[in-house]
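Below you'll find the structure, written out as structure tokens, and then a few comments.
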Amino acid sequence: MSTPKAPAGHFTLLYFASATSFTRKQHDFFAAPLPLAKLYNAIEEKYPGIKAKVLESSALTVNLDYVDVEEEVQKGDGGLVIQAGDEVAIIPPVSSG
């Protein structure tokens, strides 16, 4: 799967598993810079209900590095800021059987 490059001044947000099912997309582009502490609210504005149903139980990566979302939210605007060209991924839990 090849993801198109984000437009200038934006970052790419990748969706996997239940996040893809909820949004009906594999990716989106959001304006940058964006404090990570505000990311979930920005996604929730675009997809009402996704925060409780998908995001709260998902892992998050920024440029392939896992990020502790709760820790970043506590830092507020002083925490990690997603920059233009970054790649962010929502990774829901996976069950096996």
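Chain identifiers are assigned as A, B, and so on, following the order in which chains appear in the structure tokens; residues are numbered from 1 within each chain, and ligands are numbered from 1 in order of appearance.
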
Which of chain A DSSP labels strand (DSSP E or B), written as an NGL selection string: :A and (10-15 or 27-31 or 34-35 or 59-62 or 65-67 or 81-82 or 87-91)

Subject >> Contacts of Glu56 (chain A) within 12 Å, only C-alpha atoms, excl. fewer than 2 positions in-chain, as a list in words >> reply: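 After dropping sequence-adjacent residues, the list is Ala19, Tyr40, Asn41, Glu44, Gly49, Ile50, Lys51, Ala52, Lys53, Val54, Ser58, Ala59, Leu60, Asp68, Val69, Glu70, Ile90, Ile91, Pro92 and Pro93 of chain A.
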
So that I have them on file, write out the residues from the current selection with all heavy atoms, as a CSV table (one decimal), in the first residue's frame.
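Final output, result-v3.csv:
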chain,number,residue,atom,x,y,z
A,19,ALA,N,-9.9,1.4,13.0
A,19,ALA,CA,-9.8,2.9,12.7
A,19,ALA,C,-10.2,3.0,11.2
A,19,ALA,O,-10.9,4.0,10.8
A,19,ALA,CB,-8.5,3.4,13.0
A,40,TYR,N,-6.3,13.9,19.1
A,40,TYR,CA,-7.5,13.2,19.2
A,40,TYR,C,-8.8,14.0,19.1
A,40,TYR,O,-9.8,13.6,18.5
A,40,TYR,CB,-7.6,12.4,20.5
A,40,TYR,CG,-6.7,11.1,20.5
A,40,TYR,CD1,-5.8,10.8,19.5
A,40,TYR,CD2,-6.8,10.2,21.6
A,40,TYR,CE1,-5.1,9.7,19.5
A,40,TYR,CE2,-6.0,9.0,21.6
A,40,TYR,CZ,-5.2,8.8,20.5
A,40,TYR,OH,-4.4,7.6,20.5
A,41,ASN,N,-8.7,15.2,19.6
A,41,ASN,CA,-9.9,16.1,19.5
A,41,ASN,C,-10.1,16.5,18.0
A,41,ASN,O,-11.2,16.6,17.6
A,41,ASN,CB,-9.7,17.4,20.4
A,41,ASN,CG,-9.9,17.0,21.8
A,41,ASN,OD1,-10.5,16.0,22.2
A,41,ASN,ND2,-9.3,17.8,22.7
A,44,GLU,N,-11.7,13.6,16.4
A,44,GLU,CA,-13.1,13.5,16.9
A,44,GLU,C,-14.0,14.5,16.2
A,44,GLU,O,-15.1,14.2,15.9
A,44,GLU,CB,-13.1,13.7,18.4
A,44,GLU,CG,-14.5,13.6,19.0
A,44,GLU,CD,-15.1,12.2,19.1
A,44,GLU,OE1,-14.4,11.2,18.9
A,44,GLU,OE2,-16.3,12.2,19.3
A,49,GLY,N,-17.5,10.3,17.6
A,49,GLY,CA,-17.6,9.0,18.2
A,49,GLY,C,-16.3,8.1,18.1
A,49,GLY,O,-16.2,7.1,18.8
A,50,ILE,N,-15.4,8.5,17.3
A,50,ILE,CA,-14.1,7.7,17.1
A,50,ILE,C,-13.3,7.7,18.4
A,50,ILE,O,-12.6,6.7,18.6
A,50,ILE,CB,-13.3,8.2,15.9
A,50,ILE,CG1,-12.3,7.1,15.5
A,50,ILE,CG2,-12.7,9.5,16.1
A,50,ILE,CD1,-11.6,7.3,14.2
A,51,LYS,N,-13.3,8.7,19.2
A,51,LYS,CA,-12.4,8.8,20.3
A,51,LYS,C,-12.8,7.7,21.3
A,51,LYS,O,-11.9,6.9,21.7
A,51,LYS,CB,-12.6,10.1,21.0
A,51,LYS,CG,-11.5,10.5,22.0
A,51,LYS,CD,-11.7,11.9,22.5
A,51,LYS,CE,-10.6,12.3,23.4
A,51,LYS,NZ,-10.7,13.7,23.9
A,52,ALA,N,-14.0,7.5,21.6
A,52,ALA,CA,-14.4,6.5,22.6
A,52,ALA,C,-14.4,5.1,22.0
A,52,ALA,O,-14.0,4.1,22.6
A,52,ALA,CB,-15.8,6.7,23.1
A,53,LYS,N,-14.7,4.9,20.7
A,53,LYS,CA,-14.8,3.6,20.1
A,53,LYS,C,-13.5,3.1,19.6
A,53,LYS,O,-13.4,1.9,19.5
A,53,LYS,CB,-15.9,3.7,19.0
A,53,LYS,CG,-17.3,3.9,19.4
A,53,LYS,CD,-18.3,3.8,18.3
A,53,LYS,CE,-19.7,4.0,18.8
A,53,LYS,NZ,-20.7,4.1,17.8
A,54,VAL,N,-12.6,3.9,19.2
A,54,VAL,CA,-11.3,3.5,18.6
A,54,VAL,C,-10.1,4.0,19.3
A,54,VAL,O,-9.2,3.3,19.8
A,54,VAL,CB,-11.3,3.8,17.1
A,54,VAL,CG1,-10.0,3.4,16.5
A,54,VAL,CG2,-12.5,3.2,16.4
A,58,SER,N,-6.3,2.5,21.4
A,58,SER,CA,-5.3,2.3,20.3
A,58,SER,C,-4.0,2.8,20.7
A,58,SER,O,-3.8,3.7,21.6
A,58,SER,CB,-5.8,3.1,19.1
A,58,SER,OG,-7.0,2.6,18.5
A,59,ALA,N,-3.0,2.3,20.0
A,59,ALA,CA,-1.6,2.8,20.1
A,59,ALA,C,-1.4,3.9,19.1
A,59,ALA,O,-2.2,4.0,18.1
A,59,ALA,CB,-0.6,1.7,19.9
A,60,LEU,N,-0.4,4.7,19.3
A,60,LEU,CA,-0.1,5.8,18.3
A,60,LEU,C,1.3,5.9,18.0
A,60,LEU,O,2.2,5.8,19.0
A,60,LEU,CB,-0.6,7.1,18.9
A,60,LEU,CG,-0.5,8.3,18.0
A,60,LEU,CD1,-1.8,8.6,17.3
A,60,LEU,CD2,0.0,9.6,18.7
A,68,ASP,N,3.4,7.8,24.0
A,68,ASP,CA,2.5,7.7,25.2
A,68,ASP,C,1.5,8.9,25.1
A,68,ASP,O,1.9,10.0,25.5
A,68,ASP,CB,3.3,7.6,26.5
A,68,ASP,CG,2.3,7.4,27.7
A,68,ASP,OD1,1.2,7.8,27.6
A,68,ASP,OD2,2.8,6.8,28.7
A,69,VAL,N,0.3,8.7,24.6
A,69,VAL,CA,-0.6,9.8,24.3
A,69,VAL,C,-1.0,10.4,25.7
A,69,VAL,O,-1.0,11.7,25.7
A,69,VAL,CB,-1.8,9.3,23.6
A,69,VAL,CG1,-2.9,10.4,23.4
A,69,VAL,CG2,-1.5,8.7,22.2
A,70,GLU,N,-1.3,9.7,26.7
A,70,GLU,CA,-1.7,10.2,28.0
A,70,GLU,C,-0.6,11.2,28.5
A,70,GLU,O,-0.9,12.2,29.0
A,70,GLU,CB,-2.0,9.2,29.0
A,70,GLU,CG,-3.3,8.4,28.7
A,70,GLU,CD,-3.7,7.4,29.7
A,70,GLU,OE1,-3.3,7.6,30.9
A,70,GLU,OE2,-4.4,6.4,29.4
A,90,ILE,N,-2.6,5.4,13.7
A,90,ILE,CA,-3.5,4.9,14.7
A,90,ILE,C,-3.5,3.4,14.6
A,90,ILE,O,-3.9,2.9,13.6
A,90,ILE,CB,-4.9,5.5,14.5
A,90,ILE,CG1,-4.9,7.0,14.5
A,90,ILE,CG2,-5.9,4.9,15.6
A,90,ILE,CD1,-4.6,7.7,15.7
A,91,ILE,N,-3.1,2.7,15.7
A,91,ILE,CA,-3.0,1.3,15.6
A,91,ILE,C,-3.9,0.7,16.7
A,91,ILE,O,-3.5,0.6,17.9
A,91,ILE,CB,-1.5,0.8,15.8
A,91,ILE,CG1,-0.6,1.6,14.8
A,91,ILE,CG2,-1.4,-0.7,15.7
A,91,ILE,CD1,0.9,1.4,15.0
A,92,PRO,N,-5.1,0.3,16.3
A,92,PRO,CA,-6.0,-0.4,17.3
A,92,PRO,C,-5.4,-1.7,17.8
A,92,PRO,O,-4.6,-2.3,17.1
A,92,PRO,CB,-7.3,-0.6,16.5
A,92,PRO,CG,-7.2,0.4,15.4
A,92,PRO,CD,-5.7,0.4,15.1
A,93,PRO,N,-5.9,-2.2,18.9
A,93,PRO,CA,-5.5,-3.5,19.4
A,93,PRO,C,-5.9,-4.6,18.4
A,93,PRO,O,-7.0,-4.5,17.7
A,93,PRO,CB,-6.2,-3.7,20.7
A,93,PRO,CG,-7.3,-2.7,20.8
A,93,PRO,CD,-6.9,-1.6,19.8

Skip Phe30 (chain A) itself and residues of its chain fewer than 5 positions away, then list as a short mmCIF file (atom, residue, chain, number, x, y, z; two decimals) with all heavy atoms, in the first residue's frame all residues within 7 Å of it, counting only C-alpha atoms.
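And here's around-v5.cif as it stands now:
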data_model
loop_
_atom_site.label_atom_id
_atom_site.label_comp_id
_atom_site.auth_asym_id
_atom_site.auth_seq_id
_atom_site.Cartn_x
_atom_site.Cartn_y
_atom_site.Cartn_z
N HIS A 10 1.05 19.96 5.89
CA HIS A 10 0.20 18.93 6.46
C HIS A 10 1.03 17.71 6.88
O HIS A 10 2.16 17.54 6.43
CB HIS A 10 -0.86 18.48 5.45
CG HIS A 10 -1.89 19.51 5.19
ND1 HIS A 10 -1.64 20.64 4.44
CD2 HIS A 10 -3.18 19.60 5.58
CE1 HIS A 10 -2.73 21.38 4.38
NE2 HIS A 10 -3.68 20.77 5.06
N PHE A 11 0.43 16.86 7.70
CA PHE A 11 1.02 15.56 8.02
C PHE A 11 0.03 14.48 7.63
O PHE A 11 -1.16 14.74 7.44
CB PHE A 11 1.42 15.46 9.50
CG PHE A 11 0.27 15.49 10.47
CD1 PHE A 11 -0.37 14.32 10.87
CD2 PHE A 11 -0.17 16.69 11.01
CE1 PHE A 11 -1.42 14.35 11.78
CE2 PHE A 11 -1.21 16.74 11.92
CZ PHE A 11 -1.84 15.55 12.30
N THR A 12 0.53 13.26 7.48
CA THR A 12 -0.29 12.12 7.11
C THR A 12 -0.72 11.36 8.36
O THR A 12 0.11 11.09 9.23
CB THR A 12 0.50 11.16 6.19
OG1 THR A 12 0.98 11.89 5.07
CG2 THR A 12 -0.37 10.00 5.73
#

Among A:Leu14, A:Ile43, A:Val94, A:Ala31, Asn63 (chain A) is approached most closely, using only C-alpha atoms, by A:Leu14

Inset, instruction - Mind giving me the straight-line distance from CA of Gly85 (chain A) to CA of Phe16 (chain A) in Å, one decimal? - result: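 The value is 19.3 Å.
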
key: For Gln83 (chain A): contacts at 7 Å, only C-alpha atoms, fewer than 5 positions along chain excluded, given as a list in words   = Phe11, Ala32, Pro33 and Leu34 of chain A

Could those selected residues go to a file with C-alpha atoms, as a PDB file, in the first residue's frame?
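Saved file again.pdb follows:
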ATOM      1  CA  PHE A  11       1.021  15.565   8.017  1.00  0.00           C
ATOM      2  CA  ALA A  32       0.601  21.038  10.800  1.00  0.00           C
ATOM      3  CA  PRO A  33       2.028  21.918  13.188  1.00  0.00           C
ATOM      4  CA  LEU A  34      -0.409  20.323  15.646  1.00  0.00           C
TER       5      LEU A  34
END

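Considering only C-alpha atoms, the residue among A:Ser57, A:Leu13, A:Phe22, A:Thr3 positioned nearest to Ala42 (chain A) is A:Leu13.
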
Computed gap from CA of Ala6 (chain A) to CA of Phe29 (chain A) is 6.2 Å

Do a neighbour search on Ala37 (chain A) at 9 Å with only C-alpha atoms, toss out local chain neighbours closer than 2 positions, and write the hits as an mmCIF file with C-alpha atoms, in the first residue's frame.
data_model
loop_
_atom_site.group_PDB
_atom_site.id
_atom_site.type_symbol
_atom_site.label_atom_id
_atom_site.label_comp_id
_atom_site.auth_asym_id
_atom_site.auth_seq_id
_atom_site.Cartn_x
_atom_site.Cartn_y
_atom_site.Cartn_z
ATOM 1 C CA LEU A 34 -0.409 20.323 15.646
ATOM 2 C CA PRO A 35 0.367 19.563 19.301
ATOM 3 C CA LEU A 39 -4.754 15.350 17.851
ATOM 4 C CA TYR A 40 -7.544 13.153 19.234
ATOM 5 C CA ASN A 41 -9.898 16.136 19.492
ATOM 6 C CA VAL A 69 -0.597 9.763 24.340
ATOM 7 C CA GLU A 70 -1.674 10.246 27.974
ATOM 8 C CA GLU A 71 1.769 11.551 28.903
ATOM 9 C CA GLU A 72 1.767 13.955 25.963
ATOM 10 C CA VAL A 73 -1.737 15.221 26.821
ATOM 11 C CA GLN A 74 -0.543 16.019 30.352
ATOM 12 C CA LYS A 75 2.251 18.133 28.865
ATOM 13 C CA GLY A 76 -0.292 20.124 26.845
ATOM 14 C CA ASP A 77 1.208 22.509 24.305
ATOM 15 C CA GLY A 79 4.602 18.258 24.557
ATOM 16 C CA LEU A 80 5.342 16.708 21.195
ATOM 17 C CA VAL A 81 4.233 18.771 18.200
#

- [ ] In Å, rounded to a single decimal, give me how far CA of Leu64 (chain A) is from CA of Asp28 (chain A).
- [x]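 Spanning CA of Asp28 (chain A) to CA of Leu64 (chain A) is a straight-line distance of 16.7 Å.
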
**Prompt:** So which bits of chain A end up helix (DSSP H, G or I) when you DSSP the backbone, as an NGL selection string?
**Reply:** :A and (18-23 or 36-46 or 50-53 or 55-57 or 69-78)

With distances taken over only C-alpha atoms, the candidate from A:Val62, A:Val67, A:Ala17, A:Lys38 nearest Ala89 (chain A) is A:Val62
